[in-house]
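A.B. asks: One file: entry-v8.pdb (PDB, C-alpha atoms and all ligand atoms).
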```pdb
ATOM      1  CA  MET A   1      67.557  92.331 104.372
ATOM      2  CA  PHE A   2      67.948  90.777 100.900
ATOM      3  CA  MET A   3      68.981  93.270  98.303
ATOM      4  CA  ARG A   4      68.418  91.093  95.280
ATOM      5  CA  ILE A   5      68.800  87.637  93.786
ATOM      6  CA  ASP A   6      72.516  87.287  93.091
ATOM      7  CA  HIS A   7      72.346  83.999  91.225
ATOM      8  CA  VAL A   8      70.554  80.757  90.592
ATOM      9  CA  GLY A   9      72.868  77.743  90.705
ATOM     10  CA  ILE A  10      72.167  74.911  88.271
ATOM     11  CA  ALA A  11      73.761  71.482  88.656
ATOM     12  CA  CYS A  12      74.918  69.829  85.452
ATOM     13  CA  HIS A  13      76.993  66.874  84.292
ATOM     14  CA  ASP A  14      78.877  68.698  81.552
ATOM     15  CA  LEU A  15      79.763  72.358  82.154
ATOM     16  CA  GLU A  16      80.944  73.125  78.617
ATOM     17  CA  GLU A  17      77.866  71.613  77.029
ATOM     18  CA  LYS A  18      75.554  73.554  79.363
ATOM     19  CA  ILE A  19      77.441  76.845  78.828
ATOM     20  CA  ALA A  20      77.011  76.419  75.078
ATOM     21  CA  PHE A  21      73.272  75.811  75.571
ATOM     22  CA  PHE A  22      72.764  78.965  77.687
ATOM     23  CA  GLU A  23      74.833  81.099  75.304
ATOM     24  CA  ARG A  24      72.990  79.814  72.248
ATOM     25  CA  THR A  25      69.496  79.854  73.732
ATOM     26  CA  PHE A  26      69.446  82.946  75.952
ATOM     27  CA  GLU A  27      72.385  84.916  74.511
ATOM     28  CA  LEU A  28      74.060  85.062  77.927
ATOM     29  CA  THR A  29      77.794  85.643  78.307
ATOM     30  CA  VAL A  30      80.215  83.882  80.621
ATOM     31  CA  VAL A  31      81.921  86.488  82.823
ATOM     32  CA  ALA A  32      83.825  84.214  85.215
ATOM     33  CA  ARG A  33      84.971  80.631  85.541
ATOM     34  CA  GLU A  34      86.469  79.001  88.591
ATOM     35  CA  VAL A  35      87.384  75.699  90.173
ATOM     36  CA  ASN A  36      86.401  75.810  93.847
ATOM     37  CA  GLU A  37      88.067  72.806  95.502
ATOM     38  CA  GLU A  38      86.549  73.529  98.905
ATOM     39  CA  GLN A  39      83.020  73.364  97.450
ATOM     40  CA  GLY A  40      83.876  70.516  95.068
ATOM     41  CA  VAL A  41      82.774  72.319  91.913
ATOM     42  CA  LYS A  42      83.884  73.679  88.597
ATOM     43  CA  GLU A  43      81.617  76.615  87.831
ATOM     44  CA  ALA A  44      80.794  79.392  85.374
ATOM     45  CA  MET A  45      78.872  82.625  85.924
ATOM     46  CA  LEU A  46      76.687  83.909  83.079
ATOM     47  CA  HIS A  47      75.685  87.540  83.394
ATOM     48  CA  ILE A  48      72.020  88.505  83.281
ATOM     49  CA  ALA A  49      71.696  92.069  84.576
ATOM     50  CA  ASP A  50      73.247  94.733  86.768
ATOM     51  CA  GLY A  51      71.394  96.199  89.726
ATOM     52  CA  GLU A  52      72.033  98.633  92.525
ATOM     53  CA  GLY A  53      73.656  96.096  94.853
ATOM     54  CA  GLY A  54      75.500  94.128  92.175
ATOM     55  CA  GLY A  55      74.919  91.852  89.216
ATOM     56  CA  SER A  56      72.660  88.862  88.786
ATOM     57  CA  TYR A  57      73.788  85.630  87.192
ATOM     58  CA  ILE A  58      73.061  82.064  86.236
ATOM     59  CA  GLN A  59      75.706  79.857  87.831
ATOM     60  CA  LEU A  60      76.422  76.528  86.164
ATOM     61  CA  LEU A  61      77.939  73.904  88.448
ATOM     62  CA  GLU A  62      79.718  70.690  87.504
ATOM     63  CA  PRO A  63      80.897  68.493  90.404
ATOM     64  CA  LEU A  64      84.581  67.650  90.819
ATOM     65  CA  GLY A  65      83.534  64.150  91.897
ATOM     66  CA  PRO A  66      80.587  62.039  93.083
ATOM     67  CA  ASP A  67      81.297  62.608  96.787
ATOM     68  CA  THR A  68      80.625  66.344  96.729
ATOM     69  CA  PRO A  69      77.415  68.313  97.386
ATOM     70  CA  VAL A  70      76.668  68.752  93.676
ATOM     71  CA  GLY A  71      77.778  65.181  92.846
ATOM     72  CA  ARG A  72      75.352  63.763  95.422
ATOM     73  CA  PHE A  73      72.586  66.106  94.218
ATOM     74  CA  LEU A  74      73.007  64.927  90.607
ATOM     75  CA  ALA A  75      72.985  61.260  91.633
ATOM     76  CA  LYS A  76      69.818  61.739  93.665
ATOM     77  CA  ARG A  77      67.840  64.273  91.632
ATOM     78  CA  GLY A  78      69.518  64.710  88.251
ATOM     79  CA  GLU A  79      70.258  68.028  86.580
ATOM     80  CA  GLY A  80      68.342  71.117  87.687
ATOM     81  CA  VAL A  81      68.173  74.058  90.074
ATOM     82  CA  HIS A  82      70.577  73.359  92.927
ATOM     83  CA  HIS A  83      70.322  76.573  94.957
ATOM     84  CA  VAL A  84      69.159  80.178  95.009
ATOM     85  CA  ALA A  85      71.596  82.834  96.220
ATOM     86  CA  PHE A  86      70.484  86.092  97.827
ATOM     87  CA  GLY A  87      72.804  89.078  97.752
ATOM     88  CA  VAL A  88      73.210  90.621 101.205
ATOM     89  CA  PRO A  89      75.275  93.642 102.238
ATOM     90  CA  ASP A  90      76.946  91.815 105.144
ATOM     91  CA  VAL A  91      76.963  88.012 105.163
ATOM     92  CA  GLU A  92      78.114  87.640 108.780
ATOM     93  CA  GLU A  93      75.329  89.920 109.988
ATOM     94  CA  ALA A  94      72.779  88.057 107.832
ATOM     95  CA  LEU A  95      73.954  84.700 109.252
ATOM     96  CA  GLU A  96      73.566  85.943 112.788
ATOM     97  CA  THR A  97      70.093  87.336 112.138
ATOM     98  CA  ILE A  98      68.798  84.330 110.196
ATOM     99  CA  GLY A  99      70.407  81.812 112.569
ATOM    100  CA  GLY A 100      68.682  83.632 115.423
ATOM    101  CA  ARG A 101      65.372  82.982 113.675
ATOM    102  CA  GLY A 102      65.877  79.224 113.934
ATOM    103  CA  VAL A 103      67.241  78.380 110.491
ATOM    104  CA  ARG A 104      70.152  75.893 110.527
ATOM    105  CA  LEU A 105      73.338  77.380 109.140
ATOM    106  CA  LEU A 106      75.451  75.029 107.029
ATOM    107  CA  ASP A 107      78.338  77.476 107.382
ATOM    108  CA  ALA A 108      78.940  79.200 110.701
ATOM    109  CA  GLN A 109      81.553  81.370 109.009
ATOM    110  CA  PRO A 110      81.579  82.726 105.449
ATOM    111  CA  ARG A 111      83.590  80.843 102.826
ATOM    112  CA  HIS A 112      85.140  81.791  99.531
ATOM    113  CA  GLY A 113      82.600  82.030  96.694
ATOM    114  CA  SER A 114      82.495  82.909  93.034
ATOM    115  CA  MET A 115      84.150  86.130  91.792
ATOM    116  CA  GLY A 116      85.698  87.016  95.147
ATOM    117  CA  SER A 117      82.441  86.872  97.097
ATOM    118  CA  SER A 118      81.897  85.665 100.663
ATOM    119  CA  ILE A 119      79.222  82.993 100.875
ATOM    120  CA  ALA A 120      77.335  80.865 103.387
ATOM    121  CA  PHE A 121      74.600  78.253 102.979
ATOM    122  CA  LEU A 122      71.355  77.665 104.882
ATOM    123  CA  HIS A 123      69.837  74.209 105.297
ATOM    124  CA  PRO A 124      67.270  73.494 102.569
ATOM    125  CA  LYS A 125      64.971  71.678 104.997
ATOM    126  CA  ASP A 126      64.523  74.933 106.949
ATOM    127  CA  VAL A 127      63.858  77.062 103.852
ATOM    128  CA  GLY A 128      60.935  75.262 102.253
ATOM    129  CA  GLY A 129      63.145  72.702 100.488
ATOM    130  CA  MET A 130      65.322  75.335  98.806
ATOM    131  CA  LEU A 131      69.080  75.243  99.373
ATOM    132  CA  THR A 132      69.759  78.919 100.062
ATOM    133  CA  GLU A 133      73.036  80.751  99.751
ATOM    134  CA  LEU A 134      73.877  84.198 101.120
ATOM    135  CA  VAL A 135      76.360  86.172  99.049
ATOM    136  CA  GLN A 136      78.296  89.282  99.918
ATOM    137  CA  ALA A 137      79.922  90.758  96.833
ATOM    138  CA  PRO A 138      83.521  91.976  97.139
ATOM    139  CA  PRO A 139      84.020  95.732  97.549
ATOM    140  CA  ARG A 140      83.867  97.529  94.218
ATOM    141  CA  ARG A 141      87.151  98.546  92.671
ATOM    142  CA  PRO A 142      87.489 102.341  92.383
ATOM    143  CA  GLU A 143      86.452 103.598  88.921
ATOM    144  CA  ARG A 144      89.310 104.739  86.749
ATOM    145  CA  SER A 145      88.996 108.307  85.497
TER     146      SER A 145
HETATM  147  C1  LIG B 201      70.188  68.120  99.409
HETATM  148  N1  LIG B 201      68.897  68.354  99.692
HETATM  149  C2  LIG B 201      68.484  69.396  98.990
HETATM  150  C3  LIG B 201      69.601  69.824  98.223
HETATM  151  N2  LIG B 201      70.645  69.002  98.522
HETATM  152  N3  LIG B 201      67.305  70.030  98.921
HETATM  153  C4  LIG B 201      67.216  71.080  98.080
HETATM  154  N4  LIG B 201      68.246  71.521  97.302
HETATM  155  C5  LIG B 201      69.443  70.912  97.359
HETATM  156  N5  LIG B 201      70.429  71.353  96.607
HETATM  157  C6  LIG B 201      68.077  67.596 100.628
HETATM  158  C7  LIG B 201      68.151  66.110 100.325
HETATM  159  O1  LIG B 201      67.185  65.744  99.368
HETATM  160  C8  LIG B 201      67.908  65.489 101.678
HETATM  161  O2  LIG B 201      66.535  65.436 101.929
HETATM  162  C9  LIG B 201      68.534  66.472 102.642
HETATM  163  O3  LIG B 201      68.610  67.734 101.946
HETATM  164  C10 LIG B 201      69.937  66.061 103.081
HETATM  165  O4  LIG B 201      70.708  65.882 101.926
HETATM  166  P1  LIG B 201      71.682  64.658 101.645
HETATM  167  O5  LIG B 201      71.119  63.799 100.599
HETATM  168  O6  LIG B 201      72.053  64.038 102.940
HETATM  169  O7  LIG B 201      72.909  65.336 100.916
HETATM  170  P2  LIG B 201      74.225  65.999 101.424
HETATM  171  O8  LIG B 201      74.974  65.111 102.362
HETATM  172  O9  LIG B 201      74.937  66.426 100.202
HETATM  173  O10 LIG B 201      73.813  67.294 102.226
HETATM  174  C11 LIG B 201      72.987  68.283 101.664
HETATM  175  C12 LIG B 201      73.504  69.697 102.048
HETATM  176  C13 LIG B 201      74.922  69.845 101.420
HETATM  177  C14 LIG B 201      72.527  70.719 101.492
HETATM  178  C15 LIG B 201      73.563  69.800 103.578
HETATM  179  O11 LIG B 201      74.841  69.632 100.030
HETATM  180  C16 LIG B 201      75.566  71.176 101.701
HETATM  181  O12 LIG B 201      76.133  71.396 102.766
HETATM  182  N6  LIG B 201      75.512  72.125 100.707
HETATM  183  C17 LIG B 201      76.140  73.435 100.844
HETATM  184  C18 LIG B 201      77.377  73.557 100.004
HETATM  185  C19 LIG B 201      77.116  73.348  98.520
HETATM  186  O13 LIG B 201      76.042  72.963  98.104
HETATM  187  N7  LIG B 201      78.184  73.618  97.688
HETATM  188  C20 LIG B 201      78.113  73.476  96.245
HETATM  189  C21 LIG B 201      77.828  74.784  95.602
HETATM  190  P3  LIG B 201      65.793  64.060 102.295
HETATM  191  O14 LIG B 201      64.336  64.431 102.405
HETATM  192  O15 LIG B 201      66.115  63.132 101.167
HETATM  193  O16 LIG B 201      66.407  63.667 103.598
HETATM  194  S1  LIG B 201      79.192  75.867  95.782
HETATM  195  C22 LIG B 201      78.734  77.346  95.145
HETATM  196  O17 LIG B 201      77.650  77.482  94.697
HETATM  197  C23 LIG B 201      79.816  78.441  95.187
HETATM  198  C24 LIG B 201      80.937  78.080  94.256
HETATM  199  C25 LIG B 201      79.266  79.833  94.850
HETATM  200  O18 LIG B 201      78.055  80.044  94.716
HETATM  201  O19 LIG B 201      80.100  80.771  94.743
END
```
Please, can you express the file's structure as structure tokens?
Ligand code: MC0

C.D. replies:
Amino acid sequence: MFMRIDHVGIACHDLEEKIAFFERTFELTVVAREVNEEQGVKEAMLHIADGEGGGSYIQLLEPLGPDTPVGRFLAKRGEGVHHVAFGVPDVEEALETIGGRGVRLLDAQPRHGSMGSSIAFLHPKDVGGMLTELVQAPPRRPERS
């Protein structure tokens, strides 16, 4: 069902400082930045590779405030890996299948994610302690000839 790892989300206190670290250390490039009010984050996507089903990225996440998922995570655990996101061809279908296998869905319906994607989260307690995100990439734009 999973095509690939779409991204690994990393919680940080200072987005700009962490972007500079990843650029300097791993020679990664920022390909998108966004403020997602619904999720309570300011985030940046750093490109790693392209695959058949889409790209893979490091996602850096700074909370918009303490009372947000990433704000609470930082207060409790400090900086580090916040979630792993699997790329799926159809997020609604994946939710139905995985929910039917007894995993609690944090989102019954897909929400807006980075770079035009549709996303939904699974409860970390049901996935071995790993907050898991499902990501459906937006349809590809037609190539210009
Ligand atoms: C909390 N827990 C985690 C965790 N966050 N475990 C692994 N990884 C995480 N990131 C654990 C806690 O330690 C706790 O376990 C239990 O889950 C309940 O957490 P809580 O302390 O009550 O904290 P809450 O209230 O923040 O709830 C956690 C929950 C929430 C995962 C349900 O953060 C959530 O709904 N997250 C989904 C949305 C999200 O994370 N959005 C930000 C990224 P104990 O044992 O102490 O009870 S948005 C994003 O990434 C978008 C922009 C995108 O990719 O495009």

A.B. asks: Any residue with an atom at most 6 Å from ligand LIG 201 (chain B) counts, using all atoms listed in the file. Which are they? Put them as a PDB file with C-alpha atoms, in the coordinates of the input.

C.D. replies:
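Result file is selection-v8.pdb:
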```pdb
ATOM      1  CA  ASN A  36      86.401  75.810  93.847  1.00  0.00           C
ATOM      2  CA  GLN A  39      83.020  73.364  97.450  1.00  0.00           C
ATOM      3  CA  PRO A  69      77.415  68.313  97.386  1.00  0.00           C
ATOM      4  CA  VAL A  70      76.668  68.752  93.676  1.00  0.00           C
ATOM      5  CA  ARG A  72      75.352  63.763  95.422  1.00  0.00           C
ATOM      6  CA  PHE A  73      72.586  66.106  94.218  1.00  0.00           C
ATOM      7  CA  HIS A  82      70.577  73.359  92.927  1.00  0.00           C
ATOM      8  CA  HIS A  83      70.322  76.573  94.957  1.00  0.00           C
ATOM      9  CA  LEU A 106      75.451  75.029 107.029  1.00  0.00           C
ATOM     10  CA  GLY A 113      82.600  82.030  96.694  1.00  0.00           C
ATOM     11  CA  SER A 114      82.495  82.909  93.034  1.00  0.00           C
ATOM     12  CA  PHE A 121      74.600  78.253 102.979  1.00  0.00           C
ATOM     13  CA  HIS A 123      69.837  74.209 105.297  1.00  0.00           C
ATOM     14  CA  PRO A 124      67.270  73.494 102.569  1.00  0.00           C
ATOM     15  CA  GLY A 129      63.145  72.702 100.488  1.00  0.00           C
ATOM     16  CA  MET A 130      65.322  75.335  98.806  1.00  0.00           C
ATOM     17  CA  LEU A 131      69.080  75.243  99.373  1.00  0.00           C
TER      18      LEU A 131
END
```

A.B. asks: A:Gly80, A:Pro110, A:Gly87, A:Gly40: which is nearest Tyr57 of chain A, counting all atoms listed in the file?

C.D. replies: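 For Tyr57 of chain A, the nearest of the candidates is A:Gly87.
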
A.B. asks: For the file shown, report as a count of residues only the outcome of the PyMOL selection byres (((chain A and resi 89-91) around 7) and not hetatm) at residue level.

C.D. replies: 10

A.B. asks: Separation of atom CA of Phe2 of chain A and atom CA of Gln59 of chain A, in Å?

C.D. replies: 18.7 Å

A.B. asks: One decimal, Å: what's the distance from atom CA of Ala32 of chain A over to atom CA of Met115 of chain A, could you say?

C.D. replies: 6.9 Å

A.B. asks: With all atoms listed in the file as the basis for distance, which of A:Gly100, A:Pro139, A:Gly65, A:Gly9 is at the shortest distance from Ser118 of chain A?

C.D. replies: A:Pro139

A.B. asks: Quote the spacing between atom CA of Ile10 of chain A and atom CA of Glu38 of chain A in Å to one decimal place.

C.D. replies: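 A separation of 17.9 Å between them.
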
A.B. asks: So that I can see what lies close to Phe22 of chain A, please list as a list of chain:residue names the residues with an atom at most 9 Å from it, counting all atoms listed in the file and leaving out residues fewer than 6 positions away in the same chain.

C.D. replies: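 So, after excluding close chain neighbours, the residues are A:Leu28, A:Thr29, A:Leu46.
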
A.B. asks: From the list A:Val84, A:Leu122, A:Leu60, A:Ala44, which residue is nearest Cys12 of chain A when using only C-alpha atoms?

C.D. replies: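 That would be A:Leu60, the residue with the smallest distance to Cys12 of chain A.
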
A.B. asks: Please provide as a PyMOL selection string all residues within 6 Å of Glu43 of chain A, with the sequence filter that same-chain residues fewer than 4 positions apart are discarded (counting all atoms listed in the file).

C.D. replies: chain A and resi 33-34+60-61

A.B. asks: Any chance you could resolve the PyMOL selection byres (((chain A and resi 51) around 10) and not hetatm) against this file and give the residues as JSON, numbers by chain?

C.D. replies: {"A": [3, 4, 5, 6, 49, 50, 52, 53, 54, 55, 56]}

A.B. asks: Find the residue from A:Glu133, A:Asp107, A:Glu62, A:Asp67 that sits nearest to Glu79 of chain A; use all atoms listed in the file when measuring.

C.D. replies: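 Among A:Glu133, A:Asp107, A:Glu62, A:Asp67, it is A:Glu62 that comes nearest to Glu79 of chain A.
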